[in-house]
file target.cif (mmCIF, C-alpha atoms)
data_final
#
loop_
_atom_site.label_atom_id
_atom_site.label_comp_id
_atom_site.auth_asym_id
_atom_site.auth_seq_id
_atom_site.Cartn_x
_atom_site.Cartn_y
_atom_site.Cartn_z
CA MET A 1 138.07 10.06 14.86
CA SER A 2 139.75 6.85 13.91
CA ASP A 3 140.22 4.05 16.35
CA LEU A 4 143.16 2.65 14.47
CA PRO A 5 146.29 2.27 16.57
CA PRO A 6 149.18 4.51 15.59
CA ALA A 7 151.52 2.97 13.04
CA PRO A 8 154.65 1.58 14.63
CA GLN A 9 157.63 3.80 14.12
CA THR A 10 160.23 2.14 11.96
CA PRO A 11 163.83 3.15 12.45
CA PRO A 12 165.14 5.26 9.59
CA LYS A 13 167.03 3.27 6.97
CA PRO A 14 170.74 3.97 7.01
CA VAL A 15 172.00 6.01 4.07
CA PRO A 16 173.90 3.74 1.65
CA ALA A 17 177.65 4.19 1.84
CA GLY A 18 177.86 5.09 -1.84
CA ARG A 19 175.32 7.86 -1.62
CA LEU A 20 176.90 9.15 1.59
CA LEU A 21 180.37 9.31 0.04
CA LEU A 22 179.09 10.80 -3.19
CA GLY A 23 177.36 13.50 -1.15
CA VAL A 24 180.52 14.22 0.83
CA LEU A 25 182.58 14.34 -2.38
CA LEU A 26 180.13 16.71 -4.05
CA VAL A 27 180.07 19.01 -1.01
CA LEU A 28 183.89 19.04 -0.85
CA LEU A 29 184.10 19.58 -4.61
CA GLY A 30 181.64 22.47 -4.45
CA LEU A 31 183.42 24.04 -1.48
CA GLY A 32 186.79 23.69 -3.17
CA TRP A 33 185.46 25.19 -6.39
CA LEU A 34 183.91 28.10 -4.48
CA LEU A 35 187.10 28.78 -2.53
CA ASP A 36 189.13 28.57 -5.74
CA THR A 37 186.78 30.92 -7.58
CA THR A 38 186.72 33.49 -4.81
CA GLY A 39 190.49 33.35 -4.51
CA ALA A 40 190.36 32.24 -0.88
CA ALA A 41 192.36 29.12 -1.74
CA ASP A 42 194.44 27.91 -4.63
CA LEU A 43 193.54 24.30 -5.21
CA ASP A 44 195.49 21.88 -7.32
CA TRP A 45 192.75 20.14 -9.26
CA ASP A 46 195.13 17.42 -10.38
CA LEU A 47 195.03 16.09 -6.83
CA ILE A 48 191.25 16.04 -6.35
CA LEU A 49 190.50 12.90 -8.36
CA PRO A 50 193.26 10.69 -6.85
CA ILE A 51 192.22 11.77 -3.35
CA GLY A 52 188.61 11.01 -4.26
CA LEU A 53 189.64 7.54 -5.45
CA ILE A 54 191.49 6.89 -2.18
CA LEU A 55 188.42 7.96 -0.18
CA VAL A 56 186.20 5.68 -2.25
CA GLY A 57 188.65 2.82 -1.69
CA ILE A 58 188.73 3.38 2.08
CA ALA A 59 184.93 3.58 2.30
CA LEU A 60 184.57 0.47 0.16
CA SER A 61 187.11 -1.46 2.24
CA ILE A 62 185.30 -0.54 5.45
CA ALA A 63 181.93 -1.43 3.98
CA GLY A 64 183.32 -4.71 2.65
CA TRP A 65 184.98 -5.61 5.96
CA GLN A 66 181.73 -4.96 7.83
CA GLY A 67 179.76 -6.88 5.23
CA ARG A 68 177.59 -3.88 4.40
CA GLY A 69 176.33 -3.02 0.95
CA ARG A 70 178.63 -1.53 -1.64
CA GLY A 71 176.06 1.13 -2.52
CA GLY A 72 177.45 1.97 -5.94
CA LEU A 73 180.93 2.65 -4.59
CA ILE A 74 182.51 0.20 -7.03
CA ALA A 75 180.90 2.05 -9.94
CA ILE A 76 182.19 5.40 -8.64
CA GLY A 77 185.67 3.94 -8.13
CA VAL A 78 185.76 2.38 -11.59
CA ILE A 79 184.69 5.68 -13.19
CA LEU A 80 187.38 7.59 -11.27
CA THR A 81 190.02 4.98 -12.19
CA VAL A 82 189.10 5.10 -15.87
CA VAL A 83 189.17 8.92 -15.89
CA LEU A 84 192.56 8.96 -14.11
CA THR A 85 193.95 6.27 -16.42
CA ILE A 86 192.87 8.21 -19.50
CA GLY A 87 194.37 11.34 -17.94
CA THR A 88 197.66 9.52 -17.42
CA VAL A 89 197.75 7.91 -20.86
CA VAL A 90 196.67 11.06 -22.67
CA ARG A 91 198.54 13.63 -20.64
CA VAL A 92 197.06 16.83 -21.88
CA PRO A 93 199.19 19.76 -20.76
CA LEU A 94 196.30 22.13 -20.14
CA GLY A 95 198.52 25.18 -20.00
CA GLY A 96 200.06 24.49 -23.37
CA GLY A 97 197.29 25.92 -25.50
CA ILE A 98 195.66 24.79 -28.73
CA GLY A 99 196.76 25.14 -32.35
CA ASP A 100 199.96 24.90 -34.36
CA ARG A 101 203.13 26.26 -32.83
CA THR A 102 206.82 26.28 -33.68
CA GLU A 103 209.52 26.74 -31.08
CA ARG A 104 212.98 27.65 -32.38
CA PRO A 105 215.37 28.07 -29.43
CA ARG A 106 218.75 29.60 -30.22
CA THR A 107 220.42 29.22 -26.84
CA PHE A 108 220.68 26.39 -24.34
CA GLU A 109 219.09 28.62 -21.71
CA ALA A 110 215.95 28.70 -23.84
CA VAL A 111 215.43 24.95 -23.67
CA ARG A 112 215.30 24.66 -19.89
CA ASP A 113 211.52 24.91 -19.78
CA ARG A 114 209.39 22.06 -21.02
CA PHE A 115 207.70 22.70 -24.36
CA GLU A 116 203.99 21.90 -24.13
CA LEU A 117 200.90 21.97 -26.28
CA ALA A 118 197.46 20.65 -25.30
CA ILE A 119 195.97 20.02 -28.73
CA GLY A 120 197.50 20.61 -32.17
CA LYS A 121 200.93 20.42 -33.78
CA LEU A 122 204.07 21.44 -31.94
CA THR A 123 207.35 21.72 -33.82
CA VAL A 124 210.51 22.08 -31.75
CA ASP A 125 213.24 23.14 -34.13
CA LEU A 126 216.65 22.64 -32.48
CA ARG A 127 218.73 23.31 -35.58
CA ASP A 128 219.68 26.78 -34.44
CA LEU A 129 221.26 25.62 -31.19
CA PRO A 130 224.95 26.48 -31.04
CA THR A 131 227.38 23.60 -31.45
CA ARG A 132 230.59 25.54 -30.89
CA GLY A 133 231.85 27.77 -28.17
CA GLU A 134 230.51 27.24 -24.65
CA VAL A 135 228.45 24.15 -25.24
CA PRO A 136 227.31 22.10 -22.20
CA ASN A 137 228.27 18.44 -22.10
CA GLU A 138 224.71 17.32 -21.73
CA VAL A 139 221.42 19.02 -22.54
CA ARG A 140 218.02 17.69 -21.54
CA ILE A 141 215.00 18.79 -23.53
CA GLU A 142 211.42 17.83 -22.72
CA ALA A 143 208.41 18.32 -24.97
CA ALA A 144 204.85 17.07 -24.71
CA VAL A 145 201.67 17.24 -26.73
CA GLY A 146 198.35 15.99 -25.39
CA ILE A 147 196.50 15.29 -28.61
CA GLY A 148 198.09 15.88 -32.01
CA GLN A 149 201.58 15.83 -33.44
CA LEU A 150 204.98 16.61 -32.00
CA VAL A 151 207.93 17.09 -34.34
CA VAL A 152 211.48 17.61 -33.11
CA LEU A 153 214.08 18.71 -35.64
CA VAL A 154 217.73 18.15 -34.71
CA GLY A 155 220.61 19.76 -36.53
CA SER A 156 223.57 17.82 -37.86
CA GLY A 157 225.90 19.74 -35.56
CA ILE A 158 224.76 17.63 -32.61
CA PRO A 159 225.93 14.11 -33.42
CA CYS A 160 224.72 12.34 -30.31
CA VAL A 161 221.00 12.37 -29.56
CA ALA A 162 219.65 10.07 -26.87
CA THR A 163 215.91 9.97 -27.36
CA HIS A 164 213.18 8.67 -25.17
CA ALA A 165 209.90 8.99 -27.03
CA GLU A 166 206.51 7.58 -26.17
CA ALA A 167 202.88 7.88 -27.11
CA GLY A 168 199.75 6.81 -25.28
CA LEU A 169 198.05 5.76 -28.45
CA GLY A 170 199.52 6.44 -31.86
CA GLU A 171 202.95 6.39 -33.47
CA VAL A 172 206.54 7.09 -32.51
CA VAL A 173 209.06 7.81 -35.27
CA VAL A 174 212.68 8.34 -34.24
CA PHE A 175 215.17 8.89 -37.03
CA GLY A 176 213.07 6.81 -39.40
CA GLU A 177 212.37 3.97 -36.97
CA ARG A 178 208.62 3.59 -36.57
CA ARG A 179 206.67 2.08 -33.70
CA GLY A 180 202.91 2.27 -33.44
CA GLY A 181 199.86 1.04 -31.59
CA VAL A 182 199.05 1.26 -27.90
CA THR A 183 201.82 2.86 -25.79
CA PRO A 184 204.61 2.67 -28.39
CA GLU A 185 207.93 3.67 -26.92
CA TYR A 186 211.48 4.31 -28.08
CA ARG A 187 214.29 4.18 -25.57
CA PRO A 188 217.83 5.40 -26.11
CA GLU A 189 220.12 2.68 -27.37
CA ASP A 190 223.13 4.65 -28.49
CA VAL A 191 226.11 5.07 -26.22
CA CYS A 192 227.13 8.66 -26.47
CA LEU A 193 230.81 9.31 -26.01
CA GLY A 194 231.31 12.87 -27.12
CA PRO A 195 229.64 16.07 -26.02
CA PRO A 196 227.28 17.68 -26.52
CA VAL A 197 224.80 14.94 -25.74
CA LEU A 198 221.21 15.85 -26.40
CA ASN A 199 218.79 13.99 -24.13
CA LEU A 200 215.34 14.23 -25.61
CA ASP A 201 212.25 13.22 -23.65
CA VAL A 202 209.26 13.63 -25.94
CA THR A 203 205.71 12.48 -25.31
CA VAL A 204 202.39 12.60 -27.07
CA GLY A 205 199.18 11.34 -25.50
CA LEU A 206 197.18 10.65 -28.61
CA GLY A 207 198.83 11.11 -31.98
CA GLN A 208 202.35 11.06 -33.41
CA VAL A 209 205.74 12.05 -32.12
CA GLU A 210 208.59 12.31 -34.58
CA VAL A 211 212.28 13.09 -34.12
CA ARG A 212 214.33 13.66 -37.25
CA ARG A 213 217.34 15.41 -38.65
CA GLY A 214 216.46 18.67 -40.28
CA MET B 1 184.01 -11.80 12.65
CA ALA B 2 182.79 -14.68 10.54
CA ASP B 3 184.37 -15.00 7.12
CA ARG B 4 181.01 -15.04 5.38
CA ASP B 5 180.26 -11.57 6.76
CA VAL B 6 183.10 -10.04 4.82
CA ASP B 7 182.23 -8.85 1.34
CA ARG B 8 185.41 -9.94 -0.43
CA VAL B 9 184.57 -8.23 -3.70
CA ALA B 10 184.05 -4.89 -1.98
CA LEU B 11 187.21 -5.38 0.08
CA ALA B 12 189.30 -6.30 -2.99
CA PHE B 13 188.01 -3.35 -5.01
CA GLY B 14 188.48 -1.05 -2.02
CA ILE B 15 192.12 -2.02 -1.56
CA ALA B 16 192.73 -1.79 -5.32
CA PHE B 17 191.21 1.70 -5.43
CA VAL B 18 193.33 2.86 -2.49
CA VAL B 19 196.52 1.51 -4.11
CA ALA B 20 195.59 3.01 -7.49
CA GLY B 21 194.67 6.33 -5.88
CA VAL B 22 198.00 6.50 -4.06
CA LEU B 23 199.89 5.72 -7.29
CA PHE B 24 197.96 8.38 -9.21
CA LEU B 25 198.51 10.87 -6.38
CA LEU B 26 202.27 10.21 -6.29
CA ASP B 27 202.32 10.70 -10.04
CA ARG B 28 200.46 14.01 -9.83
CA LEU B 29 202.80 15.17 -7.06
CA ASP B 30 205.81 14.26 -9.23
CA VAL B 31 207.11 11.94 -6.51
CA TRP B 32 206.97 8.92 -8.76
CA GLU B 33 206.31 8.88 -12.46
CA LEU B 34 203.51 6.62 -13.55
CA ARG B 35 204.67 5.88 -17.06
CA ILE B 36 202.18 5.29 -19.84
CA SER B 37 203.55 1.82 -20.46
CA TYR B 38 202.86 0.82 -16.82
CA VAL B 39 199.31 2.11 -16.52
CA LEU B 40 197.40 -0.15 -18.89
CA PRO B 41 199.00 -3.47 -17.74
CA ILE B 42 198.45 -2.52 -14.08
CA PHE B 43 194.85 -1.66 -14.90
CA LEU B 44 194.36 -5.06 -16.56
CA ILE B 45 196.01 -6.89 -13.63
CA ALA B 46 193.78 -5.06 -11.12
CA LEU B 47 190.70 -5.85 -13.19
CA GLY B 48 191.68 -9.52 -13.43
CA VAL B 49 192.40 -9.81 -9.69
CA GLY B 50 189.05 -8.17 -8.96
CA LEU B 51 187.26 -10.67 -11.18
CA LEU B 52 189.14 -13.63 -9.66
CA VAL B 53 188.40 -12.54 -6.09
CA GLY B 54 184.80 -11.82 -7.05
CA GLY B 55 184.46 -15.29 -8.56
CA ARG B 56 185.86 -16.91 -5.42
CA SER B 57 183.39 -15.15 -3.16
CA LYS B 58 180.38 -16.73 -4.80
CA GLU B 59 179.07 -19.60 -2.82
CA PRO B 60 178.20 -22.77 -4.68
CA PRO B 61 174.48 -23.24 -5.28
CA ALA B 62 172.68 -25.30 -2.66
CA THR B 63 171.85 -28.84 -3.72
CA GLY B 64 169.18 -31.25 -2.56
#
call {"tool": "encode", "arguments": {"input": "target.cif", "output": "structure tokens"}}
result
Amino acid sequence: MSDLPPAPQTPPKPVPAGRLLLGVLLVLLGLGWLLDTTGAADLDWDLILPIGLILVGIALSIAGWQGRGRGGLIAIGVILTVVLTIGTVVRVPLGGGIGDRTERPRTFEAVRDRFELAIGKLTVDLRDLPTRGEVPNEVRIEAAVGIGQLVVLVGSGIPCVATHAEAGLGEVVVFGERRGGVTPEYRPEDVCLGPPVLNLDVTVGLGQVEVRRG
Amino acid sequence: MADRDVDRVALAFGIAFVVAGVLFLLDRLDVWELRISYVLPIFLIALGVGLLVGGRSKEPPATG
């Protein structure tokens, strides 16, 4: 038997805030995933990362106010911010699919939905839209490609086209006018007096967007 | 609470993350559109403010 006195009990070290929050986030993520997979809940995954960033910010603010350690929270927050920024710059419409696709609407009812493609080339051919008869005064058409090329063809029957085109990284070409680099953008400059006015809002995350007369 | 107890860097990053998270959330909820041309400058401004605040929080080295 040893005569040594028992070692003094040291209080357990507090769990660092970063590890604690990461654990909570992982548990919530796993639970959400499980509920989504089993069909018990329908989660909007687009909201998970921003909410995670807010939680990281709150935990970091509290830790900073109390003068406690950051525990890797800044690193987690920076990673989330970068991922969200990339997701905003390169808006990949996940439901849009992959590949080359051509949309050729023949009625104004057919252009109500937004045309989307995740990766590839999307051609929106508007030359078959009617220009006589019951034509609305103003038509808004939205199209987006995450990564790739977006081409919009406009017929000569629609004289007034107000185009807002932008790219996260790449090139914007609107009726021959080119702008390139980081976040190139083209805003409507023409004053449209006569109907029908075609309001185009076209976006590509990474690649080229082009609007031209067909 | 004494000023030296507050970790200014952590506080600055925390507030920046909350603001950024709210902006991203509003964008995802289609309440407010976070346009591509806004995101990168805001990101640079936040990074710069974080660095400036972080630089201020460092105490000068002890002399003598």
call {"tool": "atom_distance", "arguments": {"input": "target.cif", "atom1": "CA of Leu40 in chain B", "atom2": "CA of Thr81 in chain A"}}
result
11.2 Å
call {"tool": "closest_residue", "arguments": {"input": "target.cif", "among": "B:Leu44, B:Val6, B:Val49, B:Val39", "to": "Phe24 in chain B", "atoms": "all atoms listed in the file"}}
result
B:Val39
call {"tool": "resolve_selection", "arguments": {"input": "target.cif", "expression": "the PyMOL selection byres ((chain B) within 9 of (chain A))", "output": "ChimeraX atom specification"}}
result
/B:1,4-25,27-29,34-37,39-40,43
call {"tool": "atom_distance", "arguments": {"input": "target.cif", "atom1": "CA of Arg140 in chain A", "atom2": "CA of Phe115 in chain A"}}
result
11.8 Å
call {"tool": "resolve_selection", "arguments": {"input": "target.cif", "expression": "the PyMOL selection byres ((chain A and resi 105) around 10)", "output": "number ranges by chain"}}
result
A: 102-104, 106-111, 124-130
call {"tool": "residues_around", "arguments": {"input": "target.cif", "residues": "Val172 in chain A", "least_positions_apart": "5", "cutoff": "9 Å", "atoms": "all atoms listed in the file", "output": "number ranges by chain"}}
result
A: 165-167, 177-180, 184-186, 204, 207-211
call {"tool": "atom_distance", "arguments": {"input": "target.cif", "atom1": "CA of Gly146 in chain A", "atom2": "CA of Asp42 in chain A"}}
result
24.3 Å
call {"tool": "residues_around", "arguments": {"input": "target.cif", "residues": "Lys121 in chain A", "least_positions_apart": "2", "cutoff": "6 Å", "atoms": "all atoms listed in the file", "output": "ChimeraX atom specification"}}
result
/A:100,148-150
call {"tool": "closest_residue", "arguments": {"input": "target.cif", "among": "A:Ala144, A:Leu198, A:Glu138, A:Gly133", "to": "Ile158 in chain A", "atoms": "only C-alpha atoms"}}
result
A:Leu198
call {"tool": "closest_residue", "arguments": {"input": "target.cif", "among": "A:Pro196, A:Gly72, A:Gly97, A:Pro188", "to": "Thr131 in chain A", "atoms": "only C-alpha atoms"}}
result
A:Pro196
call {"tool": "axis_aligned_box", "arguments": {"input": "target.cif", "around": "range 49-53 of chain B", "padding_each_side": "3 Å", "output": "JSON"}}
result
{"center_x": 189.8, "center_y": -10.9, "center_z": -8.6, "size_x": 11.1, "size_y": 11.5, "size_z": 11.1}
call {"tool": "decode", "arguments": {"input": "target.cif", "residues": "range 45-143 of chain A", "atoms": "C-alpha atoms", "output": "mmCIF file, in the first residue's frame"}}
result
data_model
loop_
_atom_site.group_PDB
_atom_site.id
_atom_site.type_symbol
_atom_site.label_atom_id
_atom_site.label_comp_id
_atom_site.auth_asym_id
_atom_site.auth_seq_id
_atom_site.Cartn_x
_atom_site.Cartn_y
_atom_site.Cartn_z
ATOM 1 C CA TRP A 45 -30.724 24.143 -46.330
ATOM 2 C CA ASP A 46 -30.134 27.617 -47.717
ATOM 3 C CA LEU A 47 -30.894 28.958 -44.251
ATOM 4 C CA ILE A 48 -28.620 26.664 -42.247
ATOM 5 C CA LEU A 49 -25.316 28.386 -43.010
ATOM 6 C CA PRO A 50 -26.482 31.983 -42.351
ATOM 7 C CA ILE A 51 -28.060 30.876 -39.067
ATOM 8 C CA GLY A 52 -24.818 29.089 -38.195
ATOM 9 C CA LEU A 53 -22.865 32.271 -38.916
ATOM 10 C CA ILE A 54 -25.177 34.298 -36.667
ATOM 11 C CA LEU A 55 -24.738 31.758 -33.856
ATOM 12 C CA VAL A 56 -20.962 31.885 -34.256
ATOM 13 C CA GLY A 57 -21.099 35.686 -34.155
ATOM 14 C CA ILE A 58 -23.218 35.712 -30.989
ATOM 15 C CA ALA A 59 -20.959 33.187 -29.247
ATOM 16 C CA LEU A 60 -17.868 35.119 -30.308
ATOM 17 C CA SER A 61 -19.320 38.424 -29.116
ATOM 18 C CA ILE A 62 -20.172 36.928 -25.724
ATOM 19 C CA ALA A 63 -16.748 35.325 -25.420
ATOM 20 C CA GLY A 64 -15.077 38.574 -26.456
ATOM 21 C CA TRP A 65 -17.138 40.675 -24.030
ATOM 22 C CA GLN A 66 -16.268 38.328 -21.174
ATOM 23 C CA GLY A 67 -12.622 38.278 -22.219
ATOM 24 C CA ARG A 68 -12.634 34.509 -22.695
ATOM 25 C CA GLY A 69 -10.745 32.685 -25.398
ATOM 26 C CA ARG A 70 -11.953 32.707 -28.973
ATOM 27 C CA GLY A 71 -11.478 28.950 -29.254
ATOM 28 C CA GLY A 72 -11.321 28.805 -33.037
ATOM 29 C CA LEU A 73 -14.625 30.624 -33.451
ATOM 30 C CA ILE A 74 -13.065 33.240 -35.728
ATOM 31 C CA ALA A 75 -11.784 30.493 -38.025
ATOM 32 C CA ILE A 76 -15.242 28.873 -38.151
ATOM 33 C CA GLY A 77 -16.872 32.242 -38.834
ATOM 34 C CA VAL A 78 -14.400 33.115 -41.585
ATOM 35 C CA ILE A 79 -14.953 29.732 -43.270
ATOM 36 C CA LEU A 80 -18.743 30.170 -43.118
ATOM 37 C CA THR A 81 -18.477 33.742 -44.456
ATOM 38 C CA VAL A 82 -16.262 32.673 -47.347
ATOM 39 C CA VAL A 83 -18.598 29.784 -48.232
ATOM 40 C CA LEU A 84 -21.651 32.082 -48.083
ATOM 41 C CA THR A 85 -19.882 34.776 -50.115
ATOM 42 C CA ILE A 86 -18.932 32.269 -52.802
ATOM 43 C CA GLY A 87 -22.500 30.982 -52.739
ATOM 44 C CA THR A 88 -23.802 34.510 -53.257
ATOM 45 C CA VAL A 89 -21.316 35.433 -55.978
ATOM 46 C CA VAL A 90 -21.672 32.130 -57.804
ATOM 47 C CA ARG A 91 -25.373 31.567 -57.363
ATOM 48 C CA VAL A 92 -25.761 28.029 -58.536
ATOM 49 C CA PRO A 93 -29.430 27.254 -59.085
ATOM 50 C CA LEU A 94 -29.255 23.671 -57.844
ATOM 51 C CA GLY A 95 -32.608 22.751 -59.311
ATOM 52 C CA GLY A 96 -31.648 23.881 -62.779
ATOM 53 C CA GLY A 97 -29.724 20.805 -63.815
ATOM 54 C CA ILE A 98 -26.496 20.287 -65.732
ATOM 55 C CA GLY A 99 -25.761 20.319 -69.459
ATOM 56 C CA ASP A 100 -26.790 22.308 -72.516
ATOM 57 C CA ARG A 101 -30.386 23.431 -72.790
ATOM 58 C CA THR A 102 -32.412 25.656 -75.086
ATOM 59 C CA GLU A 103 -35.650 27.285 -74.021
ATOM 60 C CA ARG A 104 -37.859 28.630 -76.809
ATOM 61 C CA PRO A 105 -41.033 30.132 -75.302
ATOM 62 C CA ARG A 106 -43.791 31.007 -77.750
ATOM 63 C CA THR A 107 -46.207 32.719 -75.382
ATOM 64 C CA PHE A 108 -45.824 35.329 -72.668
ATOM 65 C CA GLU A 109 -47.330 32.895 -70.173
ATOM 66 C CA ALA A 110 -44.351 30.622 -70.753
ATOM 67 C CA VAL A 111 -41.831 33.195 -69.564
ATOM 68 C CA ARG A 112 -43.308 33.747 -66.121
ATOM 69 C CA ASP A 113 -41.038 31.181 -64.496
ATOM 70 C CA ARG A 114 -37.363 31.895 -64.073
ATOM 71 C CA PHE A 115 -35.114 29.973 -66.451
ATOM 72 C CA GLU A 116 -32.310 28.272 -64.528
ATOM 73 C CA LEU A 117 -29.343 26.035 -65.146
ATOM 74 C CA ALA A 118 -26.759 24.982 -62.552
ATOM 75 C CA ILE A 119 -23.828 24.145 -64.814
ATOM 76 C CA GLY A 120 -23.598 24.291 -68.613
ATOM 77 C CA LYS A 121 -24.996 26.422 -71.429
ATOM 78 C CA LEU A 122 -28.496 27.822 -71.348
ATOM 79 C CA THR A 123 -29.951 29.471 -74.438
ATOM 80 C CA VAL A 124 -33.184 31.417 -74.014
ATOM 81 C CA ASP A 125 -34.516 32.066 -77.479
ATOM 82 C CA LEU A 126 -37.195 34.778 -77.339
ATOM 83 C CA ARG A 127 -37.531 35.244 -81.094
ATOM 84 C CA ASP A 128 -40.772 33.297 -81.245
ATOM 85 C CA LEU A 129 -42.592 35.543 -78.779
ATOM 86 C CA PRO A 130 -45.591 37.228 -80.375
ATOM 87 C CA THR A 131 -45.259 40.924 -81.131
ATOM 88 C CA ARG A 132 -48.782 41.525 -82.400
ATOM 89 C CA GLY A 133 -52.200 40.900 -81.020
ATOM 90 C CA GLU A 134 -52.617 40.840 -77.236
ATOM 91 C CA VAL A 135 -49.138 41.857 -76.215
ATOM 92 C CA PRO A 136 -48.554 43.037 -72.618
ATOM 93 C CA ASN A 137 -47.032 46.469 -72.126
ATOM 94 C CA GLU A 138 -44.195 45.120 -70.064
ATOM 95 C CA VAL A 139 -42.699 41.652 -69.777
ATOM 96 C CA ARG A 140 -40.131 40.631 -67.188
ATOM 97 C CA ILE A 141 -37.912 37.669 -67.915
ATOM 98 C CA GLU A 142 -35.365 36.236 -65.496
ATOM 99 C CA ALA A 143 -32.662 33.715 -66.332
#
